$ cat target-v6.pdb   # PDB, C-alpha atoms and all ligand atoms
ATOM      1  CA  MET Q   1     -16.162  26.766  -4.520
ATOM      2  CA  THR Q   2     -13.706  25.017  -2.202
ATOM      3  CA  PRO Q   3     -15.418  24.041   1.078
ATOM      4  CA  ARG Q   4     -14.356  26.131   4.074
ATOM      5  CA  ARG Q   5     -12.193  24.377   6.644
ATOM      6  CA  GLY Q   6     -15.086  24.207   9.108
ATOM      7  CA  THR Q   7     -17.173  22.444   6.490
ATOM      8  CA  ARG Q   8     -14.385  19.978   5.880
ATOM      9  CA  VAL Q   9     -14.060  19.296   9.614
ATOM     10  CA  ALA Q  10     -17.794  18.586   9.721
ATOM     11  CA  LEU Q  11     -17.548  16.379   6.624
ATOM     12  CA  LEU Q  12     -14.746  14.338   8.164
ATOM     13  CA  ALA Q  13     -16.657  13.970  11.442
ATOM     14  CA  ASP Q  14     -19.795  12.879   9.587
ATOM     15  CA  LEU Q  15     -17.851  10.315   7.583
ATOM     16  CA  ARG Q  16     -16.184   8.956  10.693
ATOM     17  CA  GLU Q  17     -19.530   8.608  12.426
ATOM     18  CA  ALA Q  18     -21.077   6.847   9.427
ATOM     19  CA  ALA Q  19     -18.113   4.483   9.030
ATOM     20  CA  SER Q  20     -18.288   3.479  12.689
ATOM     21  CA  SER Q  21     -21.275   1.240  11.924
ATOM     22  CA  CYS Q  22     -20.350   0.251   8.365
ATOM     23  CA  ARG Q  23     -21.160  -3.319   7.344
ATOM     24  CA  GLU Q  24     -20.663  -2.932   3.608
ATOM     25  CA  CYS Q  25     -18.339  -5.931   3.571
ATOM     26  CA  PRO Q  26     -17.978  -8.901   5.945
ATOM     27  CA  LEU Q  27     -14.972  -7.430   7.769
ATOM     28  CA  GLY Q  28     -17.100  -5.023   9.778
ATOM     29  CA  ALA Q  29     -18.847  -7.786  11.680
ATOM     30  CA  ARG Q  30     -15.645  -9.625  12.665
ATOM     31  CA  ALA Q  31     -13.410  -6.780  13.800
ATOM     32  CA  THR Q  32     -13.586  -4.970  17.122
ATOM     33  CA  GLN Q  33     -14.238  -1.531  15.670
ATOM     34  CA  THR Q  34     -13.731   0.746  12.689
ATOM     35  CA  VAL Q  35     -10.264   2.279  12.650
ATOM     36  CA  TRP Q  36     -10.703   5.684  11.076
ATOM     37  CA  GLY Q  37      -7.876   8.024  10.018
ATOM     38  CA  GLU Q  38      -6.244  10.508  12.365
ATOM     39  CA  GLY Q  39      -4.773  13.940  11.839
ATOM     40  CA  PRO Q  40      -5.598  17.575  11.142
ATOM     41  CA  VAL Q  41      -8.128  18.313   8.427
ATOM     42  CA  ASN Q  42      -5.700  20.722   6.759
ATOM     43  CA  SER Q  43      -2.725  18.364   6.814
ATOM     44  CA  PRO Q  44      -0.518  18.809   3.742
ATOM     45  CA  LEU Q  45       0.378  15.123   3.672
ATOM     46  CA  MET Q  46      -1.752  11.981   3.903
ATOM     47  CA  LEU Q  47      -0.171   8.605   4.613
ATOM     48  CA  VAL Q  48      -2.239   5.598   3.592
ATOM     49  CA  GLY Q  49      -1.579   2.076   4.829
ATOM     50  CA  GLU Q  50      -3.300  -1.205   4.102
ATOM     51  CA  GLN Q  51      -5.608  -1.966   7.011
ATOM     52  CA  PRO Q  52      -5.495  -1.884  10.817
ATOM     53  CA  GLY Q  53      -3.583  -4.660  12.535
ATOM     54  CA  ASP Q  54      -4.380  -6.446  15.776
ATOM     55  CA  ARG Q  55      -3.175  -3.588  18.002
ATOM     56  CA  GLU Q  56      -4.918  -0.941  15.933
ATOM     57  CA  ASP Q  57      -8.152  -2.937  15.970
ATOM     58  CA  LEU Q  58      -8.106  -3.062  19.764
ATOM     59  CA  ALA Q  59      -7.028   0.564  20.210
ATOM     60  CA  GLY Q  60      -9.277   1.973  17.472
ATOM     61  CA  ARG Q  61      -6.378   4.045  16.131
ATOM     62  CA  PRO Q  62      -4.170   3.646  13.034
ATOM     63  CA  PHE Q  63      -0.462   2.826  13.211
ATOM     64  CA  VAL Q  64      -0.111   2.246  16.951
ATOM     65  CA  GLY Q  65       1.608  -1.157  16.690
ATOM     66  CA  PRO Q  66       5.190  -2.016  15.693
ATOM     67  CA  ALA Q  67       4.718  -0.571  12.175
ATOM     68  CA  GLY Q  68       3.551   2.680  13.726
ATOM     69  CA  THR Q  69       6.607   2.761  15.988
ATOM     70  CA  LEU Q  70       8.831   2.424  12.921
ATOM     71  CA  LEU Q  71       6.877   5.156  11.176
ATOM     72  CA  ASP Q  72       7.325   7.465  14.171
ATOM     73  CA  ARG Q  73      11.061   6.765  14.142
ATOM     74  CA  ALA Q  74      11.221   7.746  10.471
ATOM     75  CA  LEU Q  75       9.183  10.903  11.037
ATOM     76  CA  GLU Q  76      11.436  11.926  13.897
ATOM     77  CA  ARG Q  77      14.481  11.581  11.629
ATOM     78  CA  LEU Q  78      12.723  13.765   9.056
ATOM     79  CA  GLY Q  79      11.815  16.418  11.619
ATOM     80  CA  TRP Q  80       8.097  15.683  11.339
ATOM     81  CA  THR Q  81       5.596  14.630  13.937
ATOM     82  CA  ARG Q  82       2.522  12.454  13.579
ATOM     83  CA  GLU Q  83       0.385  15.458  14.571
ATOM     84  CA  ARG Q  84       1.150  17.205  11.275
ATOM     85  CA  LEU Q  85       0.066  14.228   9.161
ATOM     86  CA  TYR Q  86      -3.213  12.630   8.306
ATOM     87  CA  VAL Q  87      -2.668   8.876   8.677
ATOM     88  CA  THR Q  88      -5.214   6.341   7.532
ATOM     89  CA  ASN Q  89      -5.727   2.956   5.872
ATOM     90  CA  ALA Q  90      -7.257   1.815   2.599
ATOM     91  CA  VAL Q  91      -9.485  -0.615   4.522
ATOM     92  CA  LYS Q  92     -10.972   0.430   7.846
ATOM     93  CA  HIS Q  93     -11.535  -2.922   9.537
ATOM     94  CA  PHE Q  94      -8.995  -5.564  10.596
ATOM     95  CA  LYS Q  95      -9.008  -8.712   8.459
ATOM     96  CA  TYR Q  96      -7.561 -11.762  10.156
ATOM     97  CA  GLU Q  97      -7.690 -15.519  10.470
ATOM     98  CA  LEU Q  98      -7.654 -17.326  13.776
ATOM     99  CA  ARG Q  99      -4.739 -19.624  14.584
ATOM    100  CA  GLY Q 100      -5.601 -20.944  17.973
ATOM    101  CA  LYS Q 101      -6.315 -17.819  19.963
ATOM    102  CA  ARG Q 102      -4.106 -15.606  17.801
ATOM    103  CA  ARG Q 103      -5.580 -13.334  15.172
ATOM    104  CA  MET Q 104      -3.221 -13.439  12.206
ATOM    105  CA  HIS Q 105      -3.235 -10.612   9.662
ATOM    106  CA  LYS Q 106      -4.797 -11.443   6.318
ATOM    107  CA  SER Q 107      -4.587  -9.070   3.365
ATOM    108  CA  PRO Q 108      -7.885  -7.573   2.242
ATOM    109  CA  GLY Q 109      -9.308  -8.854  -1.018
ATOM    110  CA  GLN Q 110     -10.397  -6.877  -4.026
ATOM    111  CA  LEU Q 111     -14.067  -6.851  -3.004
ATOM    112  CA  GLU Q 112     -13.226  -5.497   0.447
ATOM    113  CA  LEU Q 113     -10.967  -2.882  -1.084
ATOM    114  CA  LEU Q 114     -13.727  -1.841  -3.446
ATOM    115  CA  ALA Q 115     -16.336  -1.703  -0.702
ATOM    116  CA  CYS Q 116     -14.118   0.475   1.483
ATOM    117  CA  HIS Q 117     -12.882   2.743  -1.291
ATOM    118  CA  HIS Q 118     -15.454   5.498  -0.822
ATOM    119  CA  TRP Q 119     -14.387   6.034   2.795
ATOM    120  CA  LEU Q 120     -10.814   6.750   1.720
ATOM    121  CA  GLU Q 121     -12.004   9.076  -1.037
ATOM    122  CA  GLY Q 122     -14.152  10.855   1.549
ATOM    123  CA  GLU Q 123     -11.099  11.428   3.724
ATOM    124  CA  ILE Q 124      -9.174  12.799   0.728
ATOM    125  CA  GLU Q 125     -12.102  15.067  -0.110
ATOM    126  CA  ALA Q 126     -12.210  16.428   3.436
ATOM    127  CA  VAL Q 127      -8.466  16.747   4.103
ATOM    128  CA  ARG Q 128      -7.407  17.809   0.595
ATOM    129  CA  PRO Q 129      -3.740  17.010   1.153
ATOM    130  CA  GLN Q 130      -1.077  18.456  -1.100
ATOM    131  CA  ALA Q 131       0.402  14.977  -1.501
ATOM    132  CA  ALA Q 132      -0.165  11.402  -0.373
ATOM    133  CA  VAL Q 133       2.075   8.444   0.380
ATOM    134  CA  ALA Q 134       0.941   4.945  -0.507
ATOM    135  CA  LEU Q 135       2.471   2.574   2.027
ATOM    136  CA  GLY Q 136       2.441  -0.744   0.188
ATOM    137  CA  SER Q 137       0.599  -2.237  -2.751
ATOM    138  CA  THR Q 138      -2.910  -2.266  -1.254
ATOM    139  CA  ALA Q 139      -2.732   1.448  -0.484
ATOM    140  CA  ALA Q 140      -1.243   2.183  -3.912
ATOM    141  CA  ARG Q 141      -4.020   0.270  -5.642
ATOM    142  CA  ALA Q 142      -6.683   2.027  -3.596
ATOM    143  CA  LEU Q 143      -5.230   5.468  -4.288
ATOM    144  CA  MET Q 144      -4.455   4.971  -7.974
ATOM    145  CA  GLY Q 145      -7.387   2.759  -8.964
ATOM    146  CA  ARG Q 146      -5.101   0.199 -10.582
ATOM    147  CA  PRO Q 147      -2.512  -2.366  -9.536
ATOM    148  CA  VAL Q 148       0.880  -0.781  -8.775
ATOM    149  CA  LYS Q 149       4.139  -2.720  -8.593
ATOM    150  CA  VAL Q 150       5.581  -1.238  -5.442
ATOM    151  CA  LEU Q 151       9.104  -2.584  -5.806
ATOM    152  CA  SER Q 152       9.555  -1.073  -9.277
ATOM    153  CA  GLU Q 153       7.551   2.110  -8.604
ATOM    154  CA  ARG Q 154       8.802   2.938  -5.117
ATOM    155  CA  GLY Q 155      10.219   6.413  -4.665
ATOM    156  CA  ARG Q 156       8.304   7.684  -7.702
ATOM    157  CA  TRP Q 157       5.482  10.182  -7.854
ATOM    158  CA  LEU Q 158       2.282   9.051  -9.537
ATOM    159  CA  VAL Q 159      -0.536  11.472 -10.314
ATOM    160  CA  ARG Q 160      -4.222  10.679  -9.893
ATOM    161  CA  GLU Q 161      -6.973  11.868 -12.182
ATOM    162  CA  ASP Q 162      -7.907  14.539  -9.640
ATOM    163  CA  GLY Q 163      -4.328  15.890  -9.641
ATOM    164  CA  LEU Q 164      -3.310  14.481  -6.238
ATOM    165  CA  ARG Q 165       0.343  13.377  -6.296
ATOM    166  CA  VAL Q 166       1.013   9.993  -4.721
ATOM    167  CA  LEU Q 167       4.436   8.761  -3.686
ATOM    168  CA  VAL Q 168       4.691   4.979  -3.594
ATOM    169  CA  THR Q 169       6.828   3.148  -1.063
ATOM    170  CA  LEU Q 170       6.872   0.090   1.175
ATOM    171  CA  HIS Q 171       4.590  -0.477   4.127
ATOM    172  CA  PRO Q 172       6.604  -0.352   7.369
ATOM    173  CA  SER Q 173       5.486  -3.925   8.114
ATOM    174  CA  ALA Q 174       7.454  -5.058   5.053
ATOM    175  CA  LEU Q 175      10.605  -3.634   6.619
ATOM    176  CA  LEU Q 176       9.862  -5.386   9.898
ATOM    177  CA  ARG Q 177       9.444  -8.688   8.068
ATOM    178  CA  GLY Q 178      12.602  -8.178   5.990
ATOM    179  CA  ASP Q 179      16.057  -9.636   6.399
ATOM    180  CA  PRO Q 180      17.433  -8.472   9.775
ATOM    181  CA  ALA Q 181      20.904  -8.223   8.222
ATOM    182  CA  SER Q 182      19.763  -5.481   5.845
ATOM    183  CA  ARG Q 183      17.165  -3.868   8.086
ATOM    184  CA  GLU Q 184      19.052  -0.629   8.735
ATOM    185  CA  ARG Q 185      19.959  -0.228   5.056
ATOM    186  CA  ASP Q 186      16.349  -0.899   4.080
ATOM    187  CA  PHE Q 187      15.201   1.633   6.663
ATOM    188  CA  GLU Q 188      17.487   4.308   5.204
ATOM    189  CA  ALA Q 189      16.137   3.633   1.691
ATOM    190  CA  TRP Q 190      12.577   3.881   3.008
ATOM    191  CA  LEU Q 191      13.466   7.102   4.774
ATOM    192  CA  ALA Q 192      14.735   8.530   1.479
ATOM    193  CA  ASP Q 193      11.349   7.733  -0.109
ATOM    194  CA  LEU Q 194       9.444   9.372   2.719
ATOM    195  CA  GLU Q 195      11.735  12.393   2.660
ATOM    196  CA  GLN Q 196      10.596  13.199  -0.870
ATOM    197  CA  ALA Q 197       7.023  13.316   0.369
ATOM    198  CA  THR Q 198       7.694  15.388   3.498
ATOM    199  CA  ALA Q 199       9.845  17.808   1.482
ATOM    200  CA  ALA Q 200       7.088  18.237  -1.116
ATOM    201  CA  ALA Q 201       4.474  18.767   1.594
ATOM    202  CA  SER Q 202       6.697  21.245   3.463
ATOM    203  CA  SER Q 203       7.299  23.313   0.355
ATOM    204  CA  ALA Q 204       3.576  23.291  -0.499
ATOM    205  CA  GLU Q 205       2.823  24.431   3.067
ATOM    206  CA  ALA Q 206       5.337  27.270   2.777
ATOM    207  CA  SER Q 207       4.042  28.446  -0.607
ATOM    208  CA  PRO Q 208       0.973  30.674  -0.543
ATOM    209  CA  ALA Q 209       0.328  29.994  -4.236
ATOM    210  CA  PRO Q 210      -2.300  27.325  -4.997
ATOM    211  CA  THR Q 211      -0.760  24.080  -6.146
ATOM    212  CA  LYS Q 212      -1.661  22.424  -9.403
ATOM    213  CA  ALA Q 213      -3.488  19.756  -7.440
ATOM    214  CA  ALA Q 214      -5.511  22.292  -5.481
ATOM    215  CA  ALA Q 215      -6.316  24.273  -8.613
ATOM    216  CA  ARG Q 216      -7.390  21.155 -10.452
ATOM    217  CA  SER Q 217      -9.381  20.086  -7.428
ATOM    218  CA  ARG Q 218     -11.303  23.337  -7.513
ATOM    219  CA  SER Q 219     -11.909  23.073 -11.231
ATOM    220  CA  ARG Q 220     -13.424  19.628 -10.656
ATOM    221  CA  SER Q 221     -15.551  20.770  -7.720
ATOM    222  CA  GLY Q 222     -19.277  21.117  -7.974
ATOM    223  CA  PRO Q 223     -21.226  24.094  -6.648
ATOM    224  CA  ASP Q 224     -21.207  22.637  -3.131
ATOM    225  CA  GLY Q 225     -17.461  22.090  -3.256
ATOM    226  CA  ALA Q 226     -17.729  18.332  -3.768
ATOM    227  CA  ARG Q 227     -14.882  16.963  -5.830
ATOM    228  CA  SER Q 228     -15.485  14.425  -8.570
ATOM    229  CA  PRO Q 229     -14.753  11.050  -7.020
ATOM    230  CA  LYS Q 230     -11.883   8.944  -8.196
ATOM    231  CA  PRO Q 231     -12.863   5.608  -9.788
ATOM    232  CA  PRO Q 232     -12.685   2.661  -7.401
ATOM    233  CA  PRO Q 233      -9.637   0.408  -7.536
ATOM    234  CA  GLY Q 234      -9.482  -2.080 -10.361
ATOM    235  CA  THR Q 235     -11.978  -0.320 -12.618
TER     236      THR Q 235
HETATM  237  S1  LIG I 301     -13.828  -2.792   5.847
HETATM  238 FE1  LIG I 301     -14.659  -0.852   5.031
HETATM  239  S2  LIG I 301     -16.403  -1.442   3.722
HETATM  240 FE2  LIG I 301     -15.880  -3.225   5.022
HETATM  241  S3  LIG I 301     -17.264  -2.982   6.778
HETATM  242 FE3  LIG I 301     -15.315  -1.997   7.315
HETATM  243  S4  LIG I 301     -15.581   0.169   6.808
HETATM  244 FE4  LIG I 301     -17.208  -0.979   5.765
END
$ encode --input "target-v6.pdb" --output "structure tokens" --more "lines below"
Ligand code: SF4
Amino acid sequence: MTPRRGTRVALLADLREAASSCRECPLGARATQTVWGEGPVNSPLMLVGEQPGDREDLAGRPFVGPAGTLLDRALERLGWTRERLYVTNAVKHFKYELRGKRRMHKSPGQLELLACHHWLEGEIEAVRPQAAVALGSTAARALMGRPVKVLSERGRWLVREDGLRVLVTLHPSALLRGDPASRERDFEAWLADLEQATAAASSAEASPAPTKAAARSRSRSGPDGARSPKPPPGT
């Protein structure tokens, strides 16, 4: 039986509360706070980034820095708002190295990704999106459980063992770091990737029929509605 929405809201709240004190890898002790995902529990589309940055770590919210501003610009062009999406990260604490007083972003390692994996799967279990977008290679690896070459796979749909469709594209930070001369062209290409995902989510929202992913999800659910977890990345 698929859990009722109220049950899923409670599940998400319980997970968030538990993750707020997580110390399952060393990142929890160094960062300011856990940055949990944001968005409605019945969102048709989940966007997954890598990890919170400096601004997100301080604010306790995902995608509030420059990358988030670029994401909002893209969503506006696509006629979507952040409020319709569930936005989260593969790793919930900010990893950084100090250079003087500045905290410089450092990519999470495989052990940190593995340790944090169950939190992301918990969010997927609660939200049950119709589709997901992997923003960058860390997110793609976390969602698919294997390394994904983003540059060759971008704009393509991948399908997880549980039936969830995942569109792979760049992280907005990659666009911000890119060649300024091609920034607008790169933005338009990124927008085209994202448009596939928003279009798929919109059509799933409009269709009353259960999607293949939802049907498969139910078939994999246990008596309490719990879905079989996806293997952790790299296994
Ligand atoms: S990064 Fe993830 S696994 Fe590591 S302490 Fe934070 S919430 Fe826990």
$ axis_aligned_box --input "target-v6.pdb" --around "range 146-158 of chain Q" --padding-each-side "5 Å" --output "lines of an AutoDock Vina configuration file"
center_x = 2.6
center_y = 3.7
center_z = -7.6
size_x = 25.3
size_y = 22.9
size_z = 15.9
$ closest_residue --input "target-v6.pdb" --among "Q:Glu50, Q:Asp72, Q:Glu112, Q:Glu38" --to "ligand LIG 301 (chain I)" --atoms "all atoms listed in the file"
Q:Glu112
$ resolve_selection --input "target-v6.pdb" --expression "the PyMOL selection byres (((chain Q and resi 12-20) around 7) and not hetatm)" --output "PyMOL selection string"
chain Q and resi 8-11+21-22+34+36+123+126
$ residues_around --input "target-v6.pdb" --residues "range 63-69 of chain Q" --least-positions-apart "3" --cutoff "9 Å" --atoms "all atoms listed in the file" --output "PDB file with C-alpha atoms, in the frame of the given file"
ATOM      1  CA  GLY Q  49      -1.579   2.076   4.829  1.00  0.00           C
ATOM      2  CA  PRO Q  52      -5.495  -1.884  10.817  1.00  0.00           C
ATOM      3  CA  GLY Q  53      -3.583  -4.660  12.535  1.00  0.00           C
ATOM      4  CA  ASP Q  54      -4.380  -6.446  15.776  1.00  0.00           C
ATOM      5  CA  ARG Q  55      -3.175  -3.588  18.002  1.00  0.00           C
ATOM      6  CA  GLU Q  56      -4.918  -0.941  15.933  1.00  0.00           C
ATOM      7  CA  ALA Q  59      -7.028   0.564  20.210  1.00  0.00           C
ATOM      8  CA  ASP Q  72       7.325   7.465  14.171  1.00  0.00           C
ATOM      9  CA  ARG Q  73      11.061   6.765  14.142  1.00  0.00           C
ATOM     10  CA  ALA Q  74      11.221   7.746  10.471  1.00  0.00           C
ATOM     11  CA  VAL Q  87      -2.668   8.876   8.677  1.00  0.00           C
ATOM     12  CA  THR Q  88      -5.214   6.341   7.532  1.00  0.00           C
ATOM     13  CA  HIS Q 171       4.590  -0.477   4.127  1.00  0.00           C
ATOM     14  CA  PRO Q 172       6.604  -0.352   7.369  1.00  0.00           C
ATOM     15  CA  SER Q 173       5.486  -3.925   8.114  1.00  0.00           C
ATOM     16  CA  ALA Q 174       7.454  -5.058   5.053  1.00  0.00           C
ATOM     17  CA  LEU Q 175      10.605  -3.634   6.619  1.00  0.00           C
ATOM     18  CA  LEU Q 176       9.862  -5.386   9.898  1.00  0.00           C
TER      19      LEU Q 176
END
$ atom_distance --input "target-v6.pdb" --atom1 "CA of Asp57 in chain Q" --atom2 "CA of Met144 in chain Q"
25.5 Å
$ closest_atom_pairs --input "target-v6.pdb" --of "chain Q" --to "ligand LIG 301 (chain I)" --cutoff "9 Å" --atoms "only C-alpha atoms and all ligand atoms" --output "Markdown table"
| residue | atom | partner | partner_atom | distance |
| --- | --- | --- | --- | --- |
| Q:Ala19 | CA | I:LIG301 | S4 | 5.5 |
| Q:Ser20 | CA | I:LIG301 | S4 | 7.3 |
| Q:Ser21 | CA | I:LIG301 | FE4 | 7.7 |
| Q:Cys22 | CA | I:LIG301 | FE4 | 4.3 |
| Q:Arg23 | CA | I:LIG301 | S3 | 4.0 |
| Q:Glu24 | CA | I:LIG301 | S2 | 4.5 |
| Q:Cys25 | CA | I:LIG301 | FE2 | 3.9 |
| Q:Pro26 | CA | I:LIG301 | S3 | 6.0 |
| Q:Leu27 | CA | I:LIG301 | S3 | 5.1 |
| Q:Gly28 | CA | I:LIG301 | S3 | 3.6 |
| Q:Ala29 | CA | I:LIG301 | S3 | 7.0 |
| Q:Ala31 | CA | I:LIG301 | FE3 | 8.3 |
| Q:Gln33 | CA | I:LIG301 | FE3 | 8.4 |
| Q:Thr34 | CA | I:LIG301 | S4 | 6.2 |
| Q:Val35 | CA | I:LIG301 | S4 | 8.2 |
| Q:Trp36 | CA | I:LIG301 | S4 | 8.5 |
| Q:Gln51 | CA | I:LIG301 | S1 | 8.3 |
| Q:Ala90 | CA | I:LIG301 | FE1 | 8.2 |
| Q:Val91 | CA | I:LIG301 | S1 | 5.0 |
| Q:Lys92 | CA | I:LIG301 | S4 | 4.7 |
| Q:His93 | CA | I:LIG301 | S1 | 4.3 |
| Q:Phe94 | CA | I:LIG301 | S1 | 7.3 |
| Q:Lys95 | CA | I:LIG301 | S1 | 8.1 |
| Q:Pro108 | CA | I:LIG301 | S1 | 8.4 |
| Q:Leu111 | CA | I:LIG301 | S2 | 8.9 |
| Q:Glu112 | CA | I:LIG301 | FE2 | 5.8 |
| Q:Leu113 | CA | I:LIG301 | S2 | 7.4 |
| Q:Leu114 | CA | I:LIG301 | S2 | 7.7 |
| Q:Ala115 | CA | I:LIG301 | S2 | 4.4 |
| Q:Cys116 | CA | I:LIG301 | S2 | 3.7 |
| Q:His117 | CA | I:LIG301 | S2 | 7.4 |
| Q:His118 | CA | I:LIG301 | S2 | 8.3 |
| Q:Trp119 | CA | I:LIG301 | S4 | 7.2 |
$ resolve_selection --input "target-v6.pdb" --expression "the PyMOL selection byres (((chain Q and resi 147) around 12) and not hetatm)" --output "list in words"
Gln110, Leu113, Gly136, Ser137, Thr138, Ala139, Ala140, Arg141, Ala142, Leu143, Met144, Gly145, Arg146, Val148, Lys149, Val150, Glu153, Val168, Pro232, Pro233, Gly234 and Thr235 of chain Q
$ write_last_selection --input "target-v6.pdb" --atoms "C-alpha atoms" --output "PDB file, in the coordinates of the input"
ATOM      1  CA  GLN Q 110     -10.397  -6.877  -4.026  1.00  0.00           C
ATOM      2  CA  LEU Q 113     -10.967  -2.882  -1.084  1.00  0.00           C
ATOM      3  CA  GLY Q 136       2.441  -0.744   0.188  1.00  0.00           C
ATOM      4  CA  SER Q 137       0.599  -2.237  -2.751  1.00  0.00           C
ATOM      5  CA  THR Q 138      -2.910  -2.266  -1.254  1.00  0.00           C
ATOM      6  CA  ALA Q 139      -2.732   1.448  -0.484  1.00  0.00           C
ATOM      7  CA  ALA Q 140      -1.243   2.183  -3.912  1.00  0.00           C
ATOM      8  CA  ARG Q 141      -4.020   0.270  -5.642  1.00  0.00           C
ATOM      9  CA  ALA Q 142      -6.683   2.027  -3.596  1.00  0.00           C
ATOM     10  CA  LEU Q 143      -5.230   5.468  -4.288  1.00  0.00           C
ATOM     11  CA  MET Q 144      -4.455   4.971  -7.974  1.00  0.00           C
ATOM     12  CA  GLY Q 145      -7.387   2.759  -8.964  1.00  0.00           C
ATOM     13  CA  ARG Q 146      -5.101   0.199 -10.582  1.00  0.00           C
ATOM     14  CA  VAL Q 148       0.880  -0.781  -8.775  1.00  0.00           C
ATOM     15  CA  LYS Q 149       4.139  -2.720  -8.593  1.00  0.00           C
ATOM     16  CA  VAL Q 150       5.581  -1.238  -5.442  1.00  0.00           C
ATOM     17  CA  GLU Q 153       7.551   2.110  -8.604  1.00  0.00           C
ATOM     18  CA  VAL Q 168       4.691   4.979  -3.594  1.00  0.00           C
ATOM     19  CA  PRO Q 232     -12.685   2.661  -7.401  1.00  0.00           C
ATOM     20  CA  PRO Q 233      -9.637   0.408  -7.536  1.00  0.00           C
ATOM     21  CA  GLY Q 234      -9.482  -2.080 -10.361  1.00  0.00           C
ATOM     22  CA  THR Q 235     -11.978  -0.320 -12.618  1.00  0.00           C
TER      23      THR Q 235
END
$ atom_distance --input "target-v6.pdb" --atom1 "CA of Leu78 in chain Q" --atom2 "CA of Val127 in chain Q"
22.0 Å
$ resolve_selection --input "target-v6.pdb" --expression "the PyMOL selection byres (((chain Q and resi 201) around 8) and not hetatm)" --output "MDAnalysis selection string"
chainID Q and resid 44:45 130:131 197:200 202:205
$ atom_distance --input "target-v6.pdb" --atom1 "CA of Met104 in chain Q" --atom2 "CA of Arg183 in chain Q"
22.9 Å
$ residues_near_point --input "target-v6.pdb" --point "(-3.5, 10.2, 1.5)" --cutoff "7 Å" --atoms "all atoms listed in the file" --output "list in words"
Leu45, Met46, Leu47, Val48, Ile124, Pro129, Ala131, Ala132 and Val133 of chain Q
